[in-house]
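Structure file coords-v8.cif with mmCIF, C-alpha atoms and all ligand atoms:
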```cif
data_start
#
loop_
_atom_site.group_PDB
_atom_site.id
_atom_site.type_symbol
_atom_site.label_atom_id
_atom_site.label_comp_id
_atom_site.auth_asym_id
_atom_site.auth_seq_id
_atom_site.Cartn_x
_atom_site.Cartn_y
_atom_site.Cartn_z
ATOM 1 C CA MET V 780 15.429 -19.177 11.339
ATOM 2 C CA ASP V 781 18.874 -18.960 9.751
ATOM 3 C CA ARG V 782 20.283 -15.834 11.355
ATOM 4 C CA GLN V 783 23.048 -15.511 8.782
ATOM 5 C CA MET V 784 20.495 -14.949 6.083
ATOM 6 C CA VAL V 785 17.607 -13.214 7.835
ATOM 7 C CA GLN V 786 18.361 -11.229 10.950
ATOM 8 C CA LEU V 787 15.529 -10.261 13.258
ATOM 9 C CA ILE V 788 15.782 -6.816 14.895
ATOM 10 C CA THR V 789 13.318 -5.920 17.629
ATOM 11 C CA SER V 790 14.544 -2.595 19.012
ATOM 12 C CA ALA V 791 15.530 0.825 17.717
ATOM 13 C CA ASN V 792 18.917 0.556 19.491
ATOM 14 C CA GLU V 793 19.705 -2.759 17.819
ATOM 15 C CA LEU V 794 18.697 -1.229 14.496
ATOM 16 C CA THR V 795 21.016 1.750 15.016
ATOM 17 C CA ALA V 796 23.930 -0.586 15.834
ATOM 18 C CA ILE V 797 23.372 -2.662 12.683
ATOM 19 C CA LEU V 798 22.999 0.416 10.497
ATOM 20 C CA GLU V 799 26.507 1.506 11.482
ATOM 21 C CA ASN V 800 27.878 -1.437 9.509
ATOM 22 C CA ILE V 801 25.692 -1.550 6.422
ATOM 23 C CA SER V 802 24.973 0.757 3.493
ATOM 24 C CA SER V 803 22.926 0.583 0.293
ATOM 25 C CA ILE V 804 19.596 -0.230 1.891
ATOM 26 C CA GLY V 805 16.240 -1.051 0.346
ATOM 27 C CA LEU V 806 13.344 -0.743 2.789
ATOM 28 C CA VAL V 807 10.066 -2.630 2.432
ATOM 29 C CA PRO V 808 7.603 -1.301 5.022
ATOM 30 C CA THR V 809 4.817 -3.767 5.867
ATOM 31 C CA MET V 810 2.335 -4.573 8.593
ATOM 32 C CA GLY V 811 3.174 -8.270 8.265
ATOM 33 C CA ASN V 812 0.799 -11.104 7.383
ATOM 34 C CA LEU V 813 2.839 -11.305 4.208
ATOM 35 C CA HIS V 814 1.362 -12.530 0.920
ATOM 36 C CA LYS V 815 2.773 -12.861 -2.595
ATOM 37 C CA GLY V 816 2.219 -9.147 -3.181
ATOM 38 C CA HIS V 817 4.575 -8.264 -0.320
ATOM 39 C CA LEU V 818 7.034 -10.913 -1.466
ATOM 40 C CA SER V 819 7.184 -9.282 -4.919
ATOM 41 C CA LEU V 820 8.254 -6.013 -3.226
ATOM 42 C CA ILE V 821 10.839 -7.879 -1.155
ATOM 43 C CA LYS V 822 12.219 -9.685 -4.235
ATOM 44 C CA LYS V 823 12.544 -6.377 -6.074
ATOM 45 C CA SER V 824 14.370 -4.766 -3.171
ATOM 46 C CA ILE V 825 16.709 -7.760 -2.824
ATOM 47 C CA SER V 826 17.534 -7.589 -6.531
ATOM 48 C CA GLU V 827 18.220 -3.840 -6.424
ATOM 49 C CA ASN V 828 20.020 -3.309 -3.086
ATOM 50 C CA LYS V 829 22.932 -4.847 -1.213
ATOM 51 C CA ASN V 830 20.828 -4.938 1.967
ATOM 52 C CA THR V 831 17.079 -5.170 2.424
ATOM 53 C CA ILE V 832 15.234 -4.239 5.601
ATOM 54 C CA ILE V 833 11.629 -5.371 5.910
ATOM 55 C CA SER V 834 9.701 -3.637 8.654
ATOM 56 C CA ILE V 835 6.814 -5.528 10.211
ATOM 57 C CA PHE V 836 4.822 -3.153 12.374
ATOM 58 C CA VAL V 837 1.057 -2.924 12.783
ATOM 59 C CA ASN V 838 0.884 0.845 13.050
ATOM 60 C CA PRO V 839 -1.830 1.897 15.520
ATOM 61 C CA LYS V 840 -1.884 5.456 14.192
ATOM 62 C CA GLN V 841 -3.370 4.461 10.831
ATOM 63 C CA PHE V 842 -6.405 2.661 12.304
ATOM 64 C CA SER V 843 -9.458 4.559 13.493
ATOM 65 C CA PRO V 844 -11.185 3.329 16.694
ATOM 66 C CA ASN V 845 -13.829 1.406 14.700
ATOM 67 C CA GLU V 846 -11.235 -0.434 12.570
ATOM 68 C CA ASP V 847 -9.482 -3.785 12.956
ATOM 69 C CA PHE V 848 -6.229 -2.812 14.781
ATOM 70 C CA THR V 849 -6.524 -5.424 17.535
ATOM 71 C CA GLU V 850 -7.751 -8.177 15.177
ATOM 72 C CA TYR V 851 -5.217 -7.377 12.439
ATOM 73 C CA PRO V 852 -3.388 -10.690 11.864
ATOM 74 C CA ARG V 853 0.038 -10.854 13.524
ATOM 75 C CA THR V 854 1.915 -13.784 12.012
ATOM 76 C CA LEU V 855 5.613 -13.117 12.651
ATOM 77 C CA GLU V 856 6.824 -16.747 12.561
ATOM 78 C CA GLN V 857 5.120 -17.462 9.221
ATOM 79 C CA ASP V 858 6.301 -14.112 7.845
ATOM 80 C CA LEU V 859 9.902 -14.881 8.801
ATOM 81 C CA SER V 860 9.820 -18.238 7.093
ATOM 82 C CA LYS V 861 8.347 -16.696 3.902
ATOM 83 C CA ILE V 862 11.075 -14.041 3.975
ATOM 84 C CA LYS V 863 13.742 -16.686 4.497
ATOM 85 C CA ASN V 864 12.478 -18.642 1.475
ATOM 86 C CA THR V 865 12.520 -15.476 -0.617
ATOM 87 C CA SER V 866 15.868 -14.093 0.505
ATOM 88 C CA LYS V 867 18.110 -16.800 -1.032
ATOM 89 C CA GLY V 868 21.251 -16.011 0.943
ATOM 90 C CA LYS V 869 21.045 -12.232 0.472
ATOM 91 C CA ASN V 870 21.448 -9.723 3.335
ATOM 92 C CA VAL V 871 17.961 -9.375 4.706
ATOM 93 C CA TYR V 872 16.941 -7.835 8.039
ATOM 94 C CA VAL V 873 13.485 -7.847 9.569
ATOM 95 C CA PHE V 874 12.658 -4.945 11.867
ATOM 96 C CA SER V 875 9.756 -6.137 13.992
ATOM 97 C CA PRO V 876 9.644 -3.724 16.959
ATOM 98 C CA LYS V 877 8.939 -5.439 20.271
ATOM 99 C CA SER V 878 6.783 -2.501 21.369
ATOM 100 C CA ILE V 879 5.100 0.556 19.912
ATOM 101 C CA GLU V 880 7.620 2.748 21.799
ATOM 102 C CA GLU V 881 10.455 1.432 19.605
ATOM 103 C CA VAL V 882 8.842 3.365 16.750
ATOM 104 C CA TYR V 883 7.103 6.171 18.633
ATOM 105 C CA PRO V 884 9.187 7.061 21.729
ATOM 106 C CA PRO V 885 7.137 8.004 24.823
ATOM 107 C CA ASN V 886 5.337 11.338 24.370
ATOM 108 C CA PHE V 887 6.013 11.382 20.628
ATOM 109 C CA SER V 888 3.378 13.843 19.453
ATOM 110 C CA THR V 889 4.224 14.865 15.887
ATOM 111 C CA THR V 890 1.932 13.916 13.026
ATOM 112 C CA LEU V 891 2.302 14.539 9.311
ATOM 113 C CA ARG V 892 -0.179 15.198 6.515
ATOM 114 C CA VAL V 893 -0.044 15.885 2.798
ATOM 115 C CA PRO V 894 -3.385 17.702 2.456
ATOM 116 C CA SER V 895 -3.365 18.049 -1.345
ATOM 117 C CA PHE V 896 -3.720 14.273 -1.738
ATOM 118 C CA GLU V 897 -6.321 13.880 0.990
ATOM 119 C CA ASN V 898 -10.047 14.668 1.159
ATOM 120 C CA LYS V 899 -10.680 12.207 -1.639
ATOM 121 C CA LEU V 900 -10.850 8.481 -2.473
ATOM 122 C CA CYS V 901 -9.919 6.362 0.594
ATOM 123 C CA ALA V 902 -9.483 9.389 2.873
ATOM 124 C CA ILE V 903 -13.225 10.084 2.768
ATOM 125 C CA SER V 904 -14.102 6.869 4.590
ATOM 126 C CA ARG V 905 -10.794 6.734 6.531
ATOM 127 C CA PRO V 906 -10.237 10.402 7.520
ATOM 128 C CA ASN V 907 -7.095 10.002 9.690
ATOM 129 C CA HIS V 908 -5.628 6.977 7.963
ATOM 130 C CA PHE V 909 -3.061 8.722 5.771
ATOM 131 C CA GLU V 910 -1.870 10.929 8.606
ATOM 132 C CA GLY V 911 -1.017 7.707 10.462
ATOM 133 C CA VAL V 912 0.679 6.213 7.388
ATOM 134 C CA CYS V 913 2.695 9.353 6.723
ATOM 135 C CA THR V 914 3.787 9.570 10.349
ATOM 136 C CA VAL V 915 4.958 5.947 10.551
ATOM 137 C CA ILE V 916 6.844 6.202 7.255
ATOM 138 C CA TYR V 917 8.455 9.397 8.534
ATOM 139 C CA ARG V 918 9.600 7.469 11.644
ATOM 140 C CA LEU V 919 10.831 4.457 9.647
ATOM 141 C CA PHE V 920 12.730 6.668 7.182
ATOM 142 C CA THR V 921 14.265 8.597 10.104
ATOM 143 C CA LEU V 922 15.327 5.408 11.899
ATOM 144 C CA ILE V 923 16.517 3.427 8.866
ATOM 145 C CA LYS V 924 17.600 6.099 6.348
ATOM 146 C CA PRO V 925 17.141 3.764 3.359
ATOM 147 C CA ASN V 926 18.367 4.564 -0.150
ATOM 148 C CA GLN V 927 15.202 3.192 -1.728
ATOM 149 C CA ALA V 928 11.786 2.266 -0.345
ATOM 150 C CA TYR V 929 9.227 -0.029 -1.966
ATOM 151 C CA PHE V 930 5.427 0.277 -1.872
ATOM 152 C CA GLY V 931 2.634 -1.564 -3.686
ATOM 153 C CA GLN V 932 0.661 0.320 -6.346
ATOM 154 C CA LYS V 933 -2.555 -1.187 -5.035
ATOM 155 C CA ASP V 934 -2.516 1.503 -2.337
ATOM 156 C CA PHE V 935 -2.097 4.157 -4.996
ATOM 157 C CA GLN V 936 -3.181 7.124 -2.883
ATOM 158 C CA GLN V 937 -0.784 6.001 -0.135
ATOM 159 C CA LEU V 938 2.017 5.841 -2.712
ATOM 160 C CA CYS V 939 1.246 9.400 -3.930
ATOM 161 C CA ILE V 940 1.230 10.725 -0.374
ATOM 162 C CA ILE V 941 4.497 8.989 0.552
ATOM 163 C CA LYS V 942 6.149 10.251 -2.663
ATOM 164 C CA ALA V 943 5.062 13.802 -1.873
ATOM 165 C CA MET V 944 6.128 13.627 1.797
ATOM 166 C CA SER V 945 9.442 12.079 0.852
ATOM 167 C CA LYS V 946 10.154 14.659 -1.857
ATOM 168 C CA ASP V 947 9.839 17.379 0.801
ATOM 169 C CA LEU V 948 11.487 15.695 3.798
ATOM 170 C CA PHE V 949 13.708 12.889 2.456
ATOM 171 C CA PRO V 950 14.670 13.959 -1.091
ATOM 172 C CA LYS V 951 17.514 11.409 -1.252
ATOM 173 C CA ILE V 952 15.242 8.396 -0.743
ATOM 174 C CA LYS V 953 13.927 6.929 -4.005
ATOM 175 C CA ILE V 954 10.320 5.769 -3.706
ATOM 176 C CA ILE V 955 9.514 2.810 -5.920
ATOM 177 C CA GLY V 956 5.967 1.717 -6.759
ATOM 178 C CA VAL V 957 5.591 -1.989 -7.483
ATOM 179 C CA PRO V 958 2.747 -3.281 -9.739
ATOM 180 C CA ILE V 959 -0.277 -4.956 -8.167
ATOM 181 C CA TYR V 960 0.023 -8.699 -7.600
ATOM 182 C CA ARG V 961 -3.181 -10.510 -8.605
ATOM 183 C CA ASP V 962 -4.651 -13.983 -8.136
ATOM 184 C CA SER V 963 -5.101 -15.918 -11.387
ATOM 185 C CA ASN V 964 -8.746 -14.701 -11.471
ATOM 186 C CA GLY V 965 -7.636 -11.057 -11.198
ATOM 187 C CA LEU V 966 -8.390 -10.393 -7.523
ATOM 188 C CA ALA V 967 -5.717 -8.040 -6.151
ATOM 189 C CA LEU V 968 -3.903 -9.642 -3.208
ATOM 190 C CA SER V 969 -4.590 -7.967 0.123
ATOM 191 C CA SER V 970 -4.202 -9.019 3.741
ATOM 192 C CA ARG V 971 -7.919 -8.355 4.126
ATOM 193 C CA ASN V 972 -8.831 -11.046 1.523
ATOM 194 C CA LYS V 973 -8.353 -13.467 4.436
ATOM 195 C CA TYR V 974 -11.577 -12.166 5.944
ATOM 196 C CA LEU V 975 -13.569 -13.176 2.812
ATOM 197 C CA SER V 976 -15.470 -16.452 2.387
ATOM 198 C CA ILE V 977 -15.228 -18.310 -0.946
ATOM 199 C CA ASN V 978 -18.493 -16.737 -2.112
ATOM 200 C CA GLU V 979 -17.445 -13.282 -0.962
ATOM 201 C CA LYS V 980 -14.209 -13.676 -2.940
ATOM 202 C CA LYS V 981 -16.330 -14.319 -6.050
ATOM 203 C CA ASP V 982 -18.395 -11.201 -5.314
ATOM 204 C CA ALA V 983 -15.205 -9.206 -4.733
ATOM 205 C CA LEU V 984 -14.187 -9.858 -8.352
ATOM 206 C CA HIS V 985 -16.816 -7.310 -9.384
ATOM 207 C CA LEU V 986 -14.229 -4.658 -8.476
ATOM 208 C CA PHE V 987 -11.492 -5.780 -10.858
ATOM 209 C CA LYS V 988 -13.958 -6.756 -13.611
ATOM 210 C CA THR V 989 -15.476 -3.268 -13.506
ATOM 211 C CA LEU V 990 -12.079 -1.570 -13.623
ATOM 212 C CA LYS V 991 -11.004 -3.790 -16.511
ATOM 213 C CA ASN V 992 -14.163 -3.061 -18.543
ATOM 214 C CA MET V 993 -13.767 0.629 -17.878
ATOM 215 C CA ALA V 994 -10.126 0.478 -19.002
ATOM 216 C CA GLU V 995 -11.220 -1.171 -22.278
ATOM 217 C CA GLN V 996 -13.889 1.441 -22.901
ATOM 218 C CA MET V 997 -11.583 4.277 -21.938
ATOM 219 C CA LYS V 998 -9.307 3.525 -24.835
ATOM 220 C CA MET V 999 -12.166 4.612 -27.086
ATOM 221 C CA CYS V 1000 -13.153 7.808 -25.309
ATOM 222 C CA TRP V 1001 -10.078 9.388 -23.786
ATOM 223 C CA PRO V 1002 -9.446 12.389 -24.082
ATOM 224 C CA ASN V 1003 -13.183 13.148 -24.180
ATOM 225 C CA ILE V 1004 -13.503 14.079 -20.504
ATOM 226 C CA LYS V 1005 -17.317 14.207 -20.470
ATOM 227 C CA LYS V 1006 -17.421 10.631 -21.726
ATOM 228 C CA LEU V 1007 -15.029 9.532 -18.958
ATOM 229 C CA SER V 1008 -17.412 10.711 -16.282
ATOM 230 C CA GLN V 1009 -20.350 9.034 -18.064
ATOM 231 C CA LEU V 1010 -18.330 5.816 -18.095
ATOM 232 C CA THR V 1011 -17.957 6.009 -14.309
ATOM 233 C CA THR V 1012 -21.650 6.730 -13.765
ATOM 234 C CA ASP V 1013 -22.666 3.824 -16.037
ATOM 235 C CA ALA V 1014 -20.307 1.403 -14.268
ATOM 236 C CA LYS V 1015 -21.584 2.445 -10.847
ATOM 237 C CA ASN V 1016 -25.177 1.967 -11.961
ATOM 238 C CA LEU V 1017 -24.706 -1.616 -13.122
ATOM 239 C CA PRO V 1018 -26.765 -4.046 -11.029
ATOM 240 C CA ILE V 1019 -24.654 -5.694 -8.300
ATOM 241 C CA ALA V 1020 -25.061 -8.446 -5.704
ATOM 242 C CA THR V 1021 -26.928 -7.326 -2.591
ATOM 243 C CA ASN V 1022 -23.944 -7.826 -0.253
ATOM 244 C CA ILE V 1023 -21.623 -5.483 -2.165
ATOM 245 C CA ARG V 1024 -21.640 -1.705 -2.516
ATOM 246 C CA TRP V 1025 -19.349 0.934 -3.947
ATOM 247 C CA ASP V 1026 -17.389 3.163 -1.611
ATOM 248 C CA TYR V 1027 -16.008 5.058 -4.617
ATOM 249 C CA LEU V 1028 -15.230 4.590 -8.293
ATOM 250 C CA SER V 1029 -13.306 7.317 -10.119
ATOM 251 C CA ILE V 1030 -11.212 8.054 -13.154
ATOM 252 C CA ILE V 1031 -8.631 10.646 -12.157
ATOM 253 C CA ASP V 1032 -5.246 12.069 -13.110
ATOM 254 C CA ALA V 1033 -2.652 9.664 -11.674
ATOM 255 C CA ASN V 1034 -0.182 12.390 -10.798
ATOM 256 C CA THR V 1035 -2.513 14.800 -9.016
ATOM 257 C CA LEU V 1036 -5.453 12.543 -8.061
ATOM 258 C CA GLU V 1037 -7.560 15.449 -9.391
ATOM 259 C CA GLN V 1038 -9.958 15.525 -12.353
ATOM 260 C CA VAL V 1039 -8.555 14.293 -15.657
ATOM 261 C CA ARG V 1040 -7.500 17.220 -17.869
ATOM 262 C CA ASP V 1041 -6.548 17.507 -21.526
ATOM 263 C CA THR V 1042 -2.954 17.696 -20.324
ATOM 264 C CA SER V 1043 -3.112 14.482 -18.230
ATOM 265 C CA THR V 1044 -0.592 11.904 -19.380
ATOM 266 C CA GLN V 1045 -1.487 9.104 -16.971
ATOM 267 C CA VAL V 1046 -4.855 8.346 -15.469
ATOM 268 C CA ILE V 1047 -5.936 5.884 -12.866
ATOM 269 C CA ILE V 1048 -9.241 4.087 -12.618
ATOM 270 C CA ALA V 1049 -9.571 3.602 -8.869
ATOM 271 C CA GLY V 1050 -12.296 1.782 -7.018
ATOM 272 C CA SER V 1051 -13.228 0.725 -3.536
ATOM 273 C CA LEU V 1052 -15.905 -1.841 -2.925
ATOM 274 C CA TYR V 1053 -17.461 -3.118 0.283
ATOM 275 C CA VAL V 1054 -18.095 -6.862 0.343
ATOM 276 C CA ASN V 1055 -20.337 -7.059 3.380
ATOM 277 C CA LYS V 1056 -18.176 -5.232 5.951
ATOM 278 C CA ILE V 1057 -14.831 -5.751 4.210
ATOM 279 C CA ARG V 1058 -13.594 -2.785 2.217
ATOM 280 C CA LEU V 1059 -11.377 -3.656 -0.763
ATOM 281 C CA ILE V 1060 -9.456 -1.354 -3.089
ATOM 282 C CA ASP V 1061 -7.984 -1.795 -6.552
ATOM 283 C CA ASN V 1062 -6.911 0.295 -9.519
ATOM 284 C CA ILE V 1063 -5.678 0.242 -13.091
ATOM 285 C CA LEU V 1064 -3.093 2.729 -14.281
ATOM 286 C CA ILE V 1065 -3.322 3.861 -17.913
ATOM 287 C CA ASN V 1066 -0.807 5.808 -19.953
ATOM 288 C CA LYS V 1067 -2.234 8.158 -22.573
ATOM 289 C CA GLU V 1068 -0.373 6.520 -25.427
ATOM 290 C CA SER V 1069 -1.427 2.953 -24.518
HETATM 291 O O1 LIG B 1 0.609 -0.520 3.150
HETATM 292 C C1 LIG B 1 0.846 -0.878 4.332
HETATM 293 O O2 LIG B 1 0.973 -2.058 4.636
HETATM 294 C C2 LIG B 1 0.987 0.189 5.419
HETATM 295 O O3 LIG B 1 0.113 1.240 5.202
HETATM 296 C C3 LIG B 1 2.425 0.699 5.564
HETATM 297 C C4 LIG B 1 2.925 1.382 4.319
HETATM 298 C C5 LIG B 1 3.352 -0.465 5.909
HETATM 299 C C6 LIG B 1 2.514 1.703 6.715
HETATM 300 O O4 LIG B 1 2.140 1.147 7.931
#
```

Output the structure of this file as structure tokens.
Ligand code: PAF
Amino acid sequence: MDRQMVQLITSANELTAILENISSIGLVPTMGNLHKGHLSLIKKSISENKNTIISIFVNPKQFSPNEDFTEYPRTLEQDLSKIKNTSKGKNVYVFSPKSIEEVYPPNFSTTLRVPSFENKLCAISRPNHFEGVCTVIYRLFTLIKPNQAYFGQKDFQQLCIIKAMSKDLFPKIKIIGVPIYRDSNGLALSSRNKYLSINEKKDALHLFKTLKNMAEQMKMCWPNIKKLSQLTTDAKNLPIATNIRWDYLSIIDANTLEQVRDTSTQVIIAGSLYVNKIRLIDNILINKES
């Protein structure tokens, strides 16, 4: 690794020392195993900030005991080389803590929630997930104090929660949502796509195809709210392959994640689909005028 271009930081103390000498920071929080979606966030941060810090930390607090925390792919060397190829001589730092304690000091017991955006969508099947996300972002923002932070719009509920938490606790940090990066066939990139076989990847396309069809049909029925809910019911009732099943499919207000109202200006069609045991999410954001 060329240390002049990409500097690896593994402790909170090292991070603090470096932060004394740099300003204008874009932060890209990740759990590593970087794909083109992450790289699009990194490129955006590099183009908009003098310094970019990419955190690579598989956050135990956002996994429930039955989830894949221990199996989650840890691929630091490959990640560093992808970052190096993307950074093109710009000031890029990678914060990859050498232990969990670098992020959560011993006996750290605070957790954070934004209840108004929970109890729906992904939080139903992952009840403590967003508490873990919110808490780790709180720690990263506290340690790094970035000017801007970048998150993918694929995790739309996560983005809403982080925006809300940040507005209350870190009003100076600008939260930037970056559009979903898709394969040429439309499949949204996700670290969990790695778990899918070729056939499962084909089945997974049902998610994006459904959202796309719904988006087409929505143009004809919005703002008729009754028709929107019929659209969702019809899409859910379409016959599907035996190894896939819906976790949820909803058309909701993109700002509140509540029911669409006459006053809604942006809606999101959000879906989560199980392909065998792998749970995938995707969404399409629609502006009223479009
Ligand atoms: O989206 C992710 O990869 C994670 O939830 C995040 C934001 C890095 C927090 O651990």

Taking all atoms listed in the file into account, which residues have an atom no farther than 7 Å from ligand LIG 1 (chain B)? I'd like them as a PDB file with C-alpha atoms, keeping the file's coordinate frame.
```pdb
ATOM      1  CA  PRO V 808       7.603  -1.301   5.022  1.00  0.00           C
ATOM      2  CA  THR V 809       4.817  -3.767   5.867  1.00  0.00           C
ATOM      3  CA  MET V 810       2.335  -4.573   8.593  1.00  0.00           C
ATOM      4  CA  PHE V 836       4.822  -3.153  12.374  1.00  0.00           C
ATOM      5  CA  VAL V 837       1.057  -2.924  12.783  1.00  0.00           C
ATOM      6  CA  ASN V 838       0.884   0.845  13.050  1.00  0.00           C
ATOM      7  CA  VAL V 912       0.679   6.213   7.388  1.00  0.00           C
ATOM      8  CA  VAL V 915       4.958   5.947  10.551  1.00  0.00           C
ATOM      9  CA  ILE V 916       6.844   6.202   7.255  1.00  0.00           C
ATOM     10  CA  PHE V 930       5.427   0.277  -1.872  1.00  0.00           C
ATOM     11  CA  ASP V 934      -2.516   1.503  -2.337  1.00  0.00           C
TER      12      ASP V 934
END
```

Just the residues within 12 Å of Asp947 (chain V), please, counting all atoms listed in the file, with nothing from its chain fewer than 5 positions along; format it as a ChimeraX atom specification. /V:891-893,917,940-942,952

One residue among V:Tyr851, V:Tyr960, V:Tyr974, V:Trp1001 is nearest to Asp1061 (chain V) when using only C-alpha atoms, and that residue is V:Tyr960

CA of Ala791 (chain V) to CA of Ile833 (chain V) measures 13.9 Å

Go ahead and compute the interatomic distance for CA of Ser969 (chain V) and CA of Leu922 (chain V), in Å to one decimal. 26.7 Å
